[in-house]
Amino acid sequence: MTVEAHLSHGQLFSWREIERYPRGWGHEANLPATWDLRGLTPAQVDQALGRLVDRHETLRTTYEVRDGLPVQRVHASVPLPVERVDRLVTDPTEHERVKMERVAIPFPMTGDLNWRALIVSSEGAPMYLSLTFSHLIVDVWSIHHLQDQFKALVAGRPAAEVELGSTPRELARRQAEASWQPVQAASERYWRGVFADGLMDRLPTLPARVERERLELTLTSRRLGGLAAQAGRTHGVTPPAVIMAFSAAGLARHLDTDRVTMSLMSSNRFAQEDQHNIGTMNQLIPFVTAVDRGATLGEHIKRLHWAAAKAYRYSCYDFDRVTAMAVAAGEDPGHDCWVNHLFRAWFNYVQVDRRPADPADRSPATLAWTPLAQSYGQAFRVRVEVGDGETRVLMLADPEVLPAEAMTDIMRTLALGVQLAVTDPGRSLKDLWNGHGGDLPPALFPRDLPARPASTT
């Protein structure tokens with residue numbers, strides 16, 4: 001038996017984002033995971049995977065389009081999309097190569113399951129499980145919960161210990177009920193305020209499926225995350241808020257503006273009942289804020305932190321309704337991609353594990369250009385990935401808006417700002433660009449800068 005239902009707000013947001021991808025970039029919607037299977041029997045692995053699929057509708061869901069609108073189809077049972085290979089595994093990093101190969105294979109948006117698995121064994125003994133999920137069905141939070149449940153299942157812990165949240169189908173039903181209307185009305189009031197404050201017209205946006213040259217620069221540092229956490233404790237904010245504040249400051253300077261619109265990726269799992277949902281719930285939410293160059297670093301960080309905190313309260317909304325509101329408010333993107341138009345500059349922070357970063361780590365930082373940057377979407381994007389004590393800041397930009405030199409300067413400003421937020425938080429924001437603060441240590445920013453990649457246009 002198959003049940004058909006409307007999409008939840010998180011599912012609809014992911015659908016509207018992914019459908020704009022140009023041909024050949026569908027794999028950008030994929031999320032990988034690798035689970036260690038050493039010490040387990042093939043039966044334990046198979047039984048645990050089967051239990052996960054039985055337990056979670058998300059892993060039995062496909063999508064279709066009805067009358068121009070996407071719907072979800074939840075199946076009572078599905079064949080497991082699992083491949084198996086048995087080979088001698090001698091390279092301890094093989095699983096990383098396999099993960100990258102498999103995550104590069106896109107899923108169709110309709111008609112099939114949006115996840116796949118590969119079990120790699122050696123002489124019959126399971127070694128690792130390589131998984132790929134589409135963002136249409138899960139977010140990173142969900143993958144972590146699935147892994148925790150898999151570990152519990154193979155360890156024989158009772159199902160009663162597992163906390164289960166609402167299914168996407170139940171969320172969609174709840175969001176359509178009258179009891180949800182006050183939440184929806186509050187989010188729509190917030191959006192009207194964003195439209196009244198104005199979006200960033202200096203950042204051009206692209207139509208759906210259109211490609212244009214982009215540059216991507218990655219700063220990797222073990223010390224940066226530790227200092228961001230230390231600054232967060234000092235100023236009563238979160239580490240993501242610290243890094244986001246200086247990303248916004250750099251953008252404002254190079255656009256020569258004193259107001260910026262930043263869009264944040266929200267997990268939408270603030271309510272206790274949503275902590276254990278297995279599905280895709282992430283949505284972007286913008287906020288407009290002043291960037292006062294005369295403010296102290298501490299004041300600037302706190303201003304952006306509280307603006308972001310307010311935005312998070314309204315980050316679960318019906319994307320199609322907001323698009324209609326934008327039209328009514330006089331917004332005109334001049335093209336068919338409202339995702340690009342409404343979220344012109346965005347920031348996302350992903351914490352992969354719980355390992356703390358060391359603010360005194362002396363490992364050299366690196367700066368590198370991506371040879372082939374994602375050539376579509378917003379004109380400015382910052383994604384922070386934190387894992388294994390290391391922080392990676394990936395900045396993507398339209399070179400006609402932010403050339404390579406500007407991107408490098410924003411990265412340097414970010415590193416300097418995070419450092420001074422700990423050592424001299426009373427310094428003015430404008431001092432980040434007038435030579436104050438001294439040389440950055442190699443653990444925060446390299447002295448030798450990489451050459452920008454050749455133009456792809």
# chains A, B, ... in the order shown; residues from 1 in each chain; ligands from 1

$ residues_around --residues "His56 (chain A)" --least-positions-apart "2" --cutoff "12 Å" --atoms "only C-alpha atoms" --output "VMD selection string"
chain A and resid 49 to 54 58 to 61 74 to 78 137 to 138 142 to 143 145 to 146 149 162 to 169 276 to 279

$ select_by_dssp --residues "region 319-373 of chain A" --states "helix (DSSP H, G or I)" --output "list in words"
Phe319, Asp320, Arg321, Val322, Thr323, Ala324, Met325, Ala326, Val327, Ala328, Trp338, Val339, Asn340, His341 and Leu342 of chain A

$ write_last_selection --atoms "all heavy atoms" --output "short mmCIF file (atom, residue, chain, number, x, y, z; two decimals), in the first residue's frame"
data_model
loop_
_atom_site.label_atom_id
_atom_site.label_comp_id
_atom_site.auth_asym_id
_atom_site.auth_seq_id
_atom_site.Cartn_x
_atom_site.Cartn_y
_atom_site.Cartn_z
N PHE A 319 7.24 27.92 1.43
CA PHE A 319 8.02 28.67 0.45
C PHE A 319 7.15 29.24 -0.67
O PHE A 319 7.34 30.37 -1.12
CB PHE A 319 9.11 27.79 -0.14
CG PHE A 319 9.99 28.51 -1.13
CD1 PHE A 319 11.02 29.32 -0.70
CD2 PHE A 319 9.77 28.39 -2.50
CE1 PHE A 319 11.82 30.00 -1.61
CE2 PHE A 319 10.56 29.06 -3.41
CZ PHE A 319 11.59 29.87 -2.96
N ASP A 320 6.18 28.47 -1.14
CA ASP A 320 5.33 28.96 -2.23
C ASP A 320 4.49 30.16 -1.79
O ASP A 320 4.27 31.09 -2.57
CB ASP A 320 4.43 27.83 -2.74
CG ASP A 320 5.20 26.80 -3.55
OD1 ASP A 320 6.39 27.03 -3.84
OD2 ASP A 320 4.63 25.74 -3.88
N ARG A 321 4.02 30.16 -0.55
CA ARG A 321 3.27 31.32 -0.04
C ARG A 321 4.16 32.55 0.07
O ARG A 321 3.74 33.66 -0.24
CB ARG A 321 2.65 30.99 1.32
CG ARG A 321 1.44 30.07 1.24
CD ARG A 321 0.90 29.77 2.64
NE ARG A 321 0.44 30.97 3.33
CZ ARG A 321 -0.82 31.40 3.34
NH1 ARG A 321 -1.75 30.72 2.67
NH2 ARG A 321 -1.16 32.48 4.00
N VAL A 322 5.41 32.36 0.52
CA VAL A 322 6.33 33.49 0.62
C VAL A 322 6.64 34.05 -0.76
O VAL A 322 6.74 35.27 -0.94
CB VAL A 322 7.62 33.06 1.35
CG1 VAL A 322 8.72 34.11 1.21
CG2 VAL A 322 7.32 32.81 2.83
N THR A 323 6.78 33.18 -1.75
CA THR A 323 6.99 33.65 -3.11
C THR A 323 5.83 34.52 -3.58
O THR A 323 6.02 35.59 -4.18
CB THR A 323 7.17 32.46 -4.06
OG1 THR A 323 8.32 31.71 -3.65
CG2 THR A 323 7.36 32.92 -5.50
N ALA A 324 4.60 34.08 -3.30
CA ALA A 324 3.42 34.88 -3.66
C ALA A 324 3.42 36.21 -2.92
O ALA A 324 3.04 37.25 -3.48
CB ALA A 324 2.15 34.09 -3.36
N MET A 325 3.86 36.21 -1.66
CA MET A 325 3.95 37.45 -0.89
C MET A 325 4.97 38.40 -1.51
O MET A 325 4.77 39.62 -1.55
CB MET A 325 4.35 37.15 0.55
CG MET A 325 3.27 36.50 1.38
SD MET A 325 3.94 35.95 2.96
CE MET A 325 4.74 37.46 3.53
N ALA A 326 6.08 37.84 -1.99
CA ALA A 326 7.11 38.68 -2.62
C ALA A 326 6.56 39.38 -3.85
O ALA A 326 6.82 40.56 -4.09
CB ALA A 326 8.32 37.82 -2.99
N VAL A 327 5.77 38.66 -4.63
CA VAL A 327 5.14 39.27 -5.81
C VAL A 327 4.23 40.41 -5.39
O VAL A 327 4.25 41.51 -5.95
CB VAL A 327 4.36 38.21 -6.61
CG1 VAL A 327 3.58 38.87 -7.75
CG2 VAL A 327 5.30 37.14 -7.15
N ALA A 328 3.42 40.16 -4.35
CA ALA A 328 2.49 41.18 -3.86
C ALA A 328 3.23 42.39 -3.30
O ALA A 328 2.73 43.52 -3.36
CB ALA A 328 1.58 40.59 -2.79
N TRP A 338 13.13 32.08 -7.71
CA TRP A 338 12.88 32.82 -6.47
C TRP A 338 13.84 32.41 -5.37
O TRP A 338 14.11 33.20 -4.45
CB TRP A 338 11.44 32.61 -6.03
CG TRP A 338 10.50 33.44 -6.84
CD1 TRP A 338 9.80 33.03 -7.94
CD2 TRP A 338 10.19 34.82 -6.65
NE1 TRP A 338 9.06 34.09 -8.45
CE2 TRP A 338 9.28 35.19 -7.67
CE3 TRP A 338 10.59 35.78 -5.72
CZ2 TRP A 338 8.76 36.47 -7.78
CZ3 TRP A 338 10.07 37.06 -5.84
CH2 TRP A 338 9.17 37.40 -6.85
N VAL A 339 14.38 31.19 -5.42
CA VAL A 339 15.36 30.80 -4.41
C VAL A 339 16.56 31.74 -4.47
O VAL A 339 17.01 32.28 -3.46
CB VAL A 339 15.81 29.33 -4.61
CG1 VAL A 339 16.96 28.99 -3.66
CG2 VAL A 339 14.65 28.39 -4.37
N ASN A 340 17.08 31.96 -5.66
CA ASN A 340 18.22 32.87 -5.81
C ASN A 340 17.85 34.30 -5.41
O ASN A 340 18.64 35.01 -4.79
CB ASN A 340 18.71 32.87 -7.26
CG ASN A 340 19.48 31.62 -7.61
OD1 ASN A 340 19.89 30.86 -6.74
ND2 ASN A 340 19.66 31.39 -8.90
N HIS A 341 16.65 34.73 -5.77
CA HIS A 341 16.26 36.12 -5.53
C HIS A 341 16.06 36.41 -4.04
O HIS A 341 16.49 37.46 -3.54
CB HIS A 341 14.97 36.44 -6.29
CG HIS A 341 14.52 37.86 -6.13
ND1 HIS A 341 15.14 38.89 -6.79
CD2 HIS A 341 13.53 38.41 -5.41
CE1 HIS A 341 14.54 40.04 -6.48
NE2 HIS A 341 13.55 39.76 -5.63
N LEU A 342 15.42 35.51 -3.33
CA LEU A 342 15.08 35.77 -1.93
C LEU A 342 16.26 35.54 -0.98
O LEU A 342 16.28 36.09 0.12
CB LEU A 342 13.90 34.88 -1.50
CG LEU A 342 12.58 35.13 -2.24
CD1 LEU A 342 11.52 34.13 -1.77
CD2 LEU A 342 12.10 36.55 -2.02
#

$ select_by_dssp --residues "region 204-234 of chain A" --states "strand (DSSP E or B)" --output "ChimeraX atom specification"
/A:215-221

$ write_last_selection --atoms "N, CA and C atoms" --output "PDB file, in the first residue's frame"
ATOM      1  N   LEU A 215      33.712  31.746  -8.312  1.00  0.00           N
ATOM      2  CA  LEU A 215      34.985  31.395  -7.694  1.00  0.00           C
ATOM      3  C   LEU A 215      34.688  30.859  -6.297  1.00  0.00           C
ATOM      4  N   GLU A 216      35.442  29.835  -5.891  1.00  0.00           N
ATOM      5  CA  GLU A 216      35.289  29.309  -4.538  1.00  0.00           C
ATOM      6  C   GLU A 216      36.661  29.228  -3.879  1.00  0.00           C
ATOM      7  N   LEU A 217      36.761  29.839  -2.712  1.00  0.00           N
ATOM      8  CA  LEU A 217      37.999  29.887  -1.945  1.00  0.00           C
ATOM      9  C   LEU A 217      37.754  29.205  -0.600  1.00  0.00           C
ATOM     10  N   THR A 218      38.681  28.342  -0.189  1.00  0.00           N
ATOM     11  CA  THR A 218      38.523  27.606   1.063  1.00  0.00           C
ATOM     12  C   THR A 218      39.681  27.899   2.008  1.00  0.00           C
ATOM     13  N   LEU A 219      39.336  28.378   3.199  1.00  0.00           N
ATOM     14  CA  LEU A 219      40.302  28.568   4.269  1.00  0.00           C
ATOM     15  C   LEU A 219      40.137  27.414   5.256  1.00  0.00           C
ATOM     16  N   THR A 220      41.222  26.697   5.524  1.00  0.00           N
ATOM     17  CA  THR A 220      41.202  25.575   6.458  1.00  0.00           C
ATOM     18  C   THR A 220      42.149  25.872   7.609  1.00  0.00           C
ATOM     19  N   SER A 221      41.633  25.786   8.829  1.00  0.00           N
ATOM     20  CA  SER A 221      42.442  26.102   9.998  1.00  0.00           C
ATOM     21  C   SER A 221      41.948  25.326  11.207  1.00  0.00           C
TER      22      SER A 221
END

$ residues_around --residues "Gly417 (chain A)" --least-positions-apart "5" --cutoff "12 Å" --atoms "only C-alpha atoms" --output "PyMOL selection string"
chain A and resi 224+227-228+231+242-250+296-298+300-301+409-412+422-433+436-438+440+444-445

$ write_last_selection --atoms "C-alpha atoms" --output "PDB file, in the first residue's frame"
ATOM      1  CA  LEU A 224      40.128  29.254  13.811  1.00  0.00           C
ATOM      2  CA  LEU A 227      39.153  30.925  18.701  1.00  0.00           C
ATOM      3  CA  ALA A 228      35.564  31.246  17.419  1.00  0.00           C
ATOM      4  CA  ALA A 231      35.045  34.406  21.332  1.00  0.00           C
ATOM      5  CA  VAL A 242      31.199  34.910  15.372  1.00  0.00           C
ATOM      6  CA  ILE A 243      32.244  33.626  11.944  1.00  0.00           C
ATOM      7  CA  MET A 244      29.029  34.831  10.309  1.00  0.00           C
ATOM      8  CA  ALA A 245      29.473  38.337  11.770  1.00  0.00           C
ATOM      9  CA  PHE A 246      32.870  38.822  10.162  1.00  0.00           C
ATOM     10  CA  SER A 247      31.735  37.263   6.871  1.00  0.00           C
ATOM     11  CA  ALA A 248      28.943  39.861   6.762  1.00  0.00           C
ATOM     12  CA  ALA A 249      31.358  42.659   7.691  1.00  0.00           C
ATOM     13  CA  GLY A 250      33.673  41.752   4.825  1.00  0.00           C
ATOM     14  CA  THR A 296      33.388  47.611  18.595  1.00  0.00           C
ATOM     15  CA  LEU A 297      33.995  44.043  17.521  1.00  0.00           C
ATOM     16  CA  GLY A 298      32.020  42.844  20.522  1.00  0.00           C
ATOM     17  CA  HIS A 300      29.109  43.964  16.038  1.00  0.00           C
ATOM     18  CA  ILE A 301      29.134  40.276  16.947  1.00  0.00           C
ATOM     19  CA  ASP A 409      40.586  40.011   1.769  1.00  0.00           C
ATOM     20  CA  ILE A 410      37.287  38.862   3.284  1.00  0.00           C
ATOM     21  CA  MET A 411      38.926  35.599   4.381  1.00  0.00           C
ATOM     22  CA  ARG A 412      41.824  37.494   5.940  1.00  0.00           C
ATOM     23  CA  VAL A 422      39.283  37.224  21.773  1.00  0.00           C
ATOM     24  CA  THR A 423      42.371  39.399  22.285  1.00  0.00           C
ATOM     25  CA  ASP A 424      41.029  42.952  21.768  1.00  0.00           C
ATOM     26  CA  PRO A 425      37.204  42.975  21.453  1.00  0.00           C
ATOM     27  CA  GLY A 426      36.990  46.719  22.184  1.00  0.00           C
ATOM     28  CA  ARG A 427      38.687  47.571  18.896  1.00  0.00           C
ATOM     29  CA  SER A 428      36.507  49.181  16.218  1.00  0.00           C
ATOM     30  CA  LEU A 429      35.218  47.155  13.288  1.00  0.00           C
ATOM     31  CA  LYS A 430      36.869  49.578  10.858  1.00  0.00           C
ATOM     32  CA  ASP A 431      40.268  48.667  12.309  1.00  0.00           C
ATOM     33  CA  LEU A 432      40.055  45.329  10.529  1.00  0.00           C
ATOM     34  CA  TRP A 433      40.912  47.143   7.298  1.00  0.00           C
ATOM     35  CA  HIS A 436      45.682  47.285  12.992  1.00  0.00           C
ATOM     36  CA  GLY A 437      45.954  43.908  14.645  1.00  0.00           C
ATOM     37  CA  GLY A 438      49.392  42.928  13.344  1.00  0.00           C
ATOM     38  CA  LEU A 440      48.136  36.895  11.460  1.00  0.00           C
ATOM     39  CA  LEU A 444      45.076  31.294  11.118  1.00  0.00           C
ATOM     40  CA  PHE A 445      45.997  32.546   7.647  1.00  0.00           C
TER      41      PHE A 445
END

$ atom_distance --atom1 "CA of Ala406 (chain A)" --atom2 "CA of Leu203 (chain A)"
14.6 Å

$ closest_residue --among "A:Leu171, A:Ala290, A:Val260, A:Leu304" --to "Asp274 (chain A)" --atoms "only C-alpha atoms"
A:Leu171

$ closest_residue --among "A:Asp318, A:Gln72, A:Thr62, A:Arg97" --to "Gly111 (chain A)" --atoms "only C-alpha atoms"
A:Thr62

$ residues_around --residues "region 122-131 of chain A" --least-positions-apart "4" --cutoff "9 Å" --atoms "only C-alpha atoms" --output "number ranges by chain"
A: 31-42, 45, 85-89, 95, 98-99, 102-103, 115-118
